[in-house]
Amino acid sequence: MVDVVVVGGGFAGVTAARETALRGARTLLLEARDRLGGRTWTAPWEGLDIELGGGWVHWHQPNTWTEIVRAGLAVEVGEETEVAAWYVGDERRTGTIAERDAVAERGWNAFVEGAEESLPLPHDPLARIDRLARLDRMSIAERMAELDLTEEERDVLAAELESLASGPLSESGAVSVLRWHALSGYSLALTQYAGGRVTLVEGTGALLRAIAGGARFETRLEAPVAAISRSATGIEVRLRDGEAVAARAAIVALPLNALAAVEFDPPLPADKRAAIATGQASTGIKVFIRARGPAIQQNAIRPGHPFGYLATEHLLDGGEQVMIGFGIDGAACDTSDLASVQRRLDDIIPGYEVVAATANDWLGQEFSRGTWAIHRPGWYTTHHANARRPEGPVVFAGSDIANGWSGFIDGAIESGFRGAALALDAMTSHRRAA
């Protein structure tokens, strides 16, 4: 028997395993994939290391920044945009990034009006749920429909919010936008900076390895969990291959959309099952395109486009560059079809020839079932507290249910700290009862 079994080896699970092991608990981490990292993945492509999942960090993200400093890792800031483009209907407009941001800010500020009163404590989204409730019931699309915007302001805002939501605006909760805004100091400029400018020089894998190396715990890869049972003596975790692991407490650090694949005995309470069934709304894609053309730092946005936010990530030798794009529907972009990618690229940043393209199918993979967490309307008034509640010695963690930077590495680390503390408390309580 181990003291703690951690199910899921993303940043939340690895943090939780480190913290329980540091406090003397015999800890076993089970990860279904053949690698750690969850929805972060530093992978080689075209001679470069790219972040197929989450990749950006910022000093406004306290848990991540602490770990970066502890590990002695370096960060770098992306280059400034030279040409910004935006679409109003089918008309392509270009200018400086400051000119486009001025348009975006007018719509953004109208959207987030009242955020400081409804989210006065950004790391506690339920602190003033009475004030937040009206907007929590709304989708991003419904909130946008309330706003008195020009066509240009509306199209620019829609494109900005599609890249944030990684899914249909009609399915994504308006509070997801307010939370990113509040956590970023109630500023569009800081929201953009915190969510898309600062990266780790050695990649997210370096940070993950540093956390995992902070304590000794056992890790098993390619070990998907089928069921978790509770009894008077503790926990039994059954793997899909039939192996059973006994533990005193379990930390389940799986994405919300992947939780339904695990059987719980006794069954989870109805309110928690409802939270899992609701899930989170992301259906999007993160696309990398290697293209040949002018050596210019580009940034273009277009609502409704399969990768409607597209920007230069790296300028390469030989007149090539790597662009990174985000779209709301992973099924709408087949990166193996370069002719299709070329047509789509021509529709947002013309003048470049596609050399190669790639993306990871986060939506189609059973251990993620989506990209970063974007909660549906009603999540905070109805489901957030229930999803976070422990069920005896079974504790839940993960970026999707973080109080702070949900959907980011920081939220995962925060949730891992909390999960470890709750699991250790559950072990102590069990021992006293025995």
# chains A, B, ... in the order shown; residues from 1 in each chain; ligands from 1

$ closest_atom_pairs --of "region 185-228 of chain A" --to "region 27-41 of chain A" --cutoff "7 Å" --atoms "only C-alpha atoms" --output "JSON lines"
{"residue": "A:Thr204", "atom": "CA", "partner": "A:Thr40", "partner_atom": "CA", "distance": 6.9}
{"residue": "A:Gly205", "atom": "CA", "partner": "A:Trp41", "partner_atom": "CA", "distance": 6.8}
{"residue": "A:Leu208", "atom": "CA", "partner": "A:Gly37", "partner_atom": "CA", "distance": 6.9}
{"residue": "A:Phe217", "atom": "CA", "partner": "A:Thr27", "partner_atom": "CA", "distance": 5.3}
{"residue": "A:Glu218", "atom": "CA", "partner": "A:Leu28", "partner_atom": "CA", "distance": 4.8}
{"residue": "A:Thr219", "atom": "CA", "partner": "A:Leu29", "partner_atom": "CA", "distance": 4.7}
{"residue": "A:Arg220", "atom": "CA", "partner": "A:Leu30", "partner_atom": "CA", "distance": 5.1}
{"residue": "A:Leu221", "atom": "CA", "partner": "A:Glu31", "partner_atom": "CA", "distance": 4.9}
{"residue": "A:Glu222", "atom": "CA", "partner": "A:Ala32", "partner_atom": "CA", "distance": 4.5}
{"residue": "A:Ala223", "atom": "CA", "partner": "A:Ala32", "partner_atom": "CA", "distance": 4.6}
{"residue": "A:Pro224", "atom": "CA", "partner": "A:Ala32", "partner_atom": "CA", "distance": 4.0}

$ write_last_selection --atoms "C-alpha atoms" --output "short mmCIF file (atom, residue, chain, number, x, y, z; two decimals), in the first residue's frame"
data_model
loop_
_atom_site.label_atom_id
_atom_site.label_comp_id
_atom_site.auth_asym_id
_atom_site.auth_seq_id
_atom_site.Cartn_x
_atom_site.Cartn_y
_atom_site.Cartn_z
CA THR A 204 7.64 24.00 -20.40
CA GLY A 205 9.26 20.58 -20.20
CA LEU A 208 7.95 20.21 -15.38
CA PHE A 217 8.10 9.51 -5.86
CA GLU A 218 7.33 6.59 -8.13
CA THR A 219 5.96 7.32 -11.60
CA ARG A 220 4.26 4.87 -13.93
CA LEU A 221 3.57 5.92 -17.51
CA GLU A 222 1.05 4.31 -19.87
CA ALA A 223 -1.03 3.43 -16.82
CA PRO A 224 -4.60 4.63 -17.49
#

$ residues_around --residues "Asn63 (chain A)" --least-positions-apart "4" --cutoff "10 Å" --atoms "only C-alpha atoms" --output "list in words"
Trp59, Glu67, Ile68, Gly404, Trp405, Ile409, Asp410, Gly411, Ala412, Ile413, Glu414, Ser415 and Phe417 of chain A

$ write_last_selection --atoms "N, CA and C atoms" --output "mmCIF file, in the first residue's frame"
data_model
loop_
_atom_site.group_PDB
_atom_site.id
_atom_site.type_symbol
_atom_site.label_atom_id
_atom_site.label_comp_id
_atom_site.auth_asym_id
_atom_site.auth_seq_id
_atom_site.Cartn_x
_atom_site.Cartn_y
_atom_site.Cartn_z
ATOM 1 N N TRP A 59 4.901 36.859 -14.721
ATOM 2 C CA TRP A 59 5.116 37.136 -13.299
ATOM 3 C C TRP A 59 3.828 37.475 -12.562
ATOM 4 N N GLU A 67 8.022 28.857 -9.102
ATOM 5 C CA GLU A 67 8.699 27.638 -9.552
ATOM 6 C C GLU A 67 9.792 27.946 -10.570
ATOM 7 N N ILE A 68 9.568 28.920 -11.419
ATOM 8 C CA ILE A 68 10.591 29.326 -12.384
ATOM 9 C C ILE A 68 11.833 29.841 -11.657
ATOM 10 N N GLY A 404 -7.579 30.302 -9.278
ATOM 11 C CA GLY A 404 -6.905 31.406 -9.935
ATOM 12 C C GLY A 404 -6.842 31.231 -11.439
ATOM 13 N N TRP A 405 -5.632 30.980 -11.943
ATOM 14 C CA TRP A 405 -5.404 30.930 -13.385
ATOM 15 C C TRP A 405 -5.870 29.602 -13.972
ATOM 16 N N ILE A 409 -0.819 26.923 -16.694
ATOM 17 C CA ILE A 409 0.101 26.170 -15.854
ATOM 18 C C ILE A 409 -0.027 26.625 -14.406
ATOM 19 N N ASP A 410 -0.196 27.922 -14.203
ATOM 20 C CA ASP A 410 -0.287 28.447 -12.839
ATOM 21 C C ASP A 410 -1.468 27.852 -12.083
ATOM 22 N N GLY A 411 -2.605 27.733 -12.743
ATOM 23 C CA GLY A 411 -3.767 27.130 -12.092
ATOM 24 C C GLY A 411 -3.524 25.675 -11.749
ATOM 25 N N ALA A 412 -2.807 24.964 -12.619
ATOM 26 C CA ALA A 412 -2.491 23.565 -12.342
ATOM 27 C C ALA A 412 -1.604 23.447 -11.104
ATOM 28 N N ILE A 413 -0.580 24.278 -11.025
ATOM 29 C CA ILE A 413 0.319 24.224 -9.870
ATOM 30 C C ILE A 413 -0.436 24.586 -8.600
ATOM 31 N N GLU A 414 -1.226 25.646 -8.666
ATOM 32 C CA GLU A 414 -2.048 26.039 -7.503
ATOM 33 C C GLU A 414 -2.908 24.871 -7.030
ATOM 34 N N SER A 415 -3.563 24.210 -7.981
ATOM 35 C CA SER A 415 -4.451 23.109 -7.641
ATOM 36 C C SER A 415 -3.682 21.915 -7.097
ATOM 37 N N PHE A 417 -0.914 22.098 -5.276
ATOM 38 C CA PHE A 417 -0.631 22.424 -3.873
ATOM 39 C C PHE A 417 -1.842 22.109 -2.992
#

$ closest_residue --among "A:Leu200, A:Leu157, A:Ala331, A:Ala385" --to "Thr283 (chain A)" --atoms "only C-alpha atoms"
A:Ala331

$ closest_residue --among "A:Ser231, A:Ile401, A:Arg369, A:Ala275" --to "Ala246 (chain A)" --atoms "only C-alpha atoms"
A:Ser231

$ residues_around --residues "Asp155 (chain A)" --least-positions-apart "3" --cutoff "12 Å" --atoms "only C-alpha atoms" --output "ChimeraX atom specification"
/A:86-93,100,103-104,106-108,144,149-152,158-162,301-305,308

$ select_by_dssp --residues "region 55-217 of chain A" --states "helix (DSSP H, G or I)" --output "compact mmCIF listing (two decimals) with C-alpha atoms, in the first residue's frame"
# COMPACT_ATOMS: atom_id res chain seq x y z
CA PRO A 62 2.48 33.63 -8.74
CA ASN A 63 2.78 29.87 -8.50
CA THR A 64 4.45 29.48 -11.87
CA TRP A 65 6.82 32.36 -11.31
CA THR A 66 7.89 30.99 -7.93
CA GLU A 67 8.70 27.64 -9.55
CA ILE A 68 10.59 29.33 -12.38
CA VAL A 69 12.73 31.24 -9.88
CA ARG A 70 13.26 28.14 -7.73
CA ALA A 71 14.42 26.17 -10.77
CA ILE A 97 -0.50 46.76 -33.26
CA ALA A 98 -1.25 49.86 -31.18
CA GLU A 99 -3.88 50.95 -33.72
CA ARG A 100 -5.56 47.55 -33.66
CA ASP A 101 -5.38 47.33 -29.88
CA ALA A 102 -7.11 50.70 -29.62
CA VAL A 103 -10.05 49.22 -31.51
CA ALA A 104 -9.96 46.05 -29.44
CA GLU A 105 -9.80 47.93 -26.16
CA ARG A 106 -13.03 49.81 -26.80
CA GLY A 107 -14.97 46.57 -27.22
CA TRP A 108 -13.03 44.76 -24.48
CA ASN A 109 -13.62 47.46 -21.89
CA ALA A 110 -17.35 47.42 -22.64
CA PHE A 111 -17.39 43.62 -22.26
CA ALA A 115 -15.23 43.24 -13.33
CA GLU A 116 -13.56 45.00 -10.41
CA GLU A 117 -16.83 44.90 -8.43
CA SER A 118 -17.83 41.33 -9.35
CA ILE A 129 -20.83 35.50 -6.58
CA ASP A 130 -23.95 37.55 -5.95
CA ARG A 131 -22.53 40.30 -8.14
CA LEU A 132 -21.06 37.87 -10.66
CA ALA A 133 -24.16 35.71 -11.07
CA ARG A 134 -25.83 37.66 -13.90
CA LEU A 135 -22.78 37.49 -16.14
CA ASP A 136 -22.07 33.91 -15.09
CA ILE A 140 -19.62 35.23 -24.44
CA ALA A 141 -21.93 35.62 -27.45
CA GLU A 142 -24.84 36.71 -25.23
CA ARG A 143 -22.70 39.26 -23.43
CA MET A 144 -21.45 40.63 -26.76
CA ALA A 145 -25.04 40.99 -27.96
CA GLU A 151 -18.93 46.75 -36.85
CA GLU A 152 -15.17 47.12 -36.58
CA GLU A 153 -15.19 46.97 -32.79
CA ARG A 154 -17.45 43.92 -32.84
CA ASP A 155 -15.39 41.96 -35.37
CA VAL A 156 -12.10 42.74 -33.64
CA LEU A 157 -13.54 41.82 -30.25
CA ALA A 158 -15.02 38.60 -31.62
CA ALA A 159 -11.65 37.57 -33.04
CA GLU A 160 -9.89 38.38 -29.76
CA LEU A 161 -12.44 36.40 -27.77
CA GLU A 162 -12.41 33.40 -30.12
CA SER A 163 -8.66 33.06 -29.54
CA LEU A 164 -9.24 33.29 -25.79
CA ALA A 165 -12.17 30.88 -25.72
CA ALA A 174 -18.62 35.22 -20.29
CA VAL A 175 -16.96 34.95 -16.88
CA SER A 176 -13.96 33.23 -18.48
CA VAL A 177 -13.12 36.59 -20.06
CA LEU A 178 -13.72 38.55 -16.86
CA ARG A 179 -11.47 36.22 -14.89
CA TRP A 180 -8.50 36.51 -17.27
CA HIS A 181 -9.01 40.27 -17.20
CA ALA A 182 -9.13 40.45 -13.40
CA LEU A 183 -6.14 38.14 -12.93
CA LEU A 188 -6.45 44.29 -21.80
CA ALA A 189 -2.79 45.06 -22.41
CA LEU A 190 -1.73 42.93 -19.45
CA THR A 191 -4.19 40.19 -20.41
CA GLN A 192 -2.52 40.00 -23.82
CA TYR A 193 0.96 40.11 -22.29
CA ALA A 194 0.27 37.51 -19.60
CA GLY A 195 -1.38 35.17 -22.07
CA GLY A 196 0.90 35.41 -25.05
CA THR A 204 7.64 24.00 -20.40
CA GLY A 205 9.26 20.58 -20.20
CA ALA A 206 12.17 22.10 -18.28
CA LEU A 207 9.82 23.49 -15.65
CA LEU A 208 7.95 20.21 -15.38
CA ARG A 209 11.20 18.29 -14.91
CA ALA A 210 12.31 20.73 -12.22
CA ILE A 211 9.09 20.22 -10.25
CA ALA A 212 9.17 16.45 -10.70

$ select_by_dssp --residues "region 144-342 of chain A" --states "strand (DSSP E)" --output "ChimeraX atom specification"
/A:198-200,218-220,225-231,234-239,244-252,263-265,285-292,298-301,309-315,320-327

$ atom_distance --atom1 "CA of Leu310 (chain A)" --atom2 "CA of Thr94 (chain A)"
13.9 Å

$ atom_distance --atom1 "CA of Gly242 (chain A)" --atom2 "CA of Asp361 (chain A)"
28.0 Å

$ closest_residue --among "A:Pro122, A:Pro306, A:Gly284, A:Gly203" --to "Ala74 (chain A)" --atoms "only C-alpha atoms"
A:Gly203

$ closest_residue --among "A:Gly8, A:Ser368, A:Tyr380, A:Leu338" --to "Arg128 (chain A)" --atoms "only C-alpha atoms"
A:Tyr380

$ atom_distance --atom1 "CA of Glu202 (chain A)" --atom2 "CA of Glu76 (chain A)"
9.9 Å

$ residues_around --residues "Thr20 (chain A)" --least-positions-apart "6" --cutoff "12 Å" --atoms "only C-alpha atoms" --output "ChimeraX atom specification"
/A:2-6,13-14,26-29,212,214-218,249-251,416-427
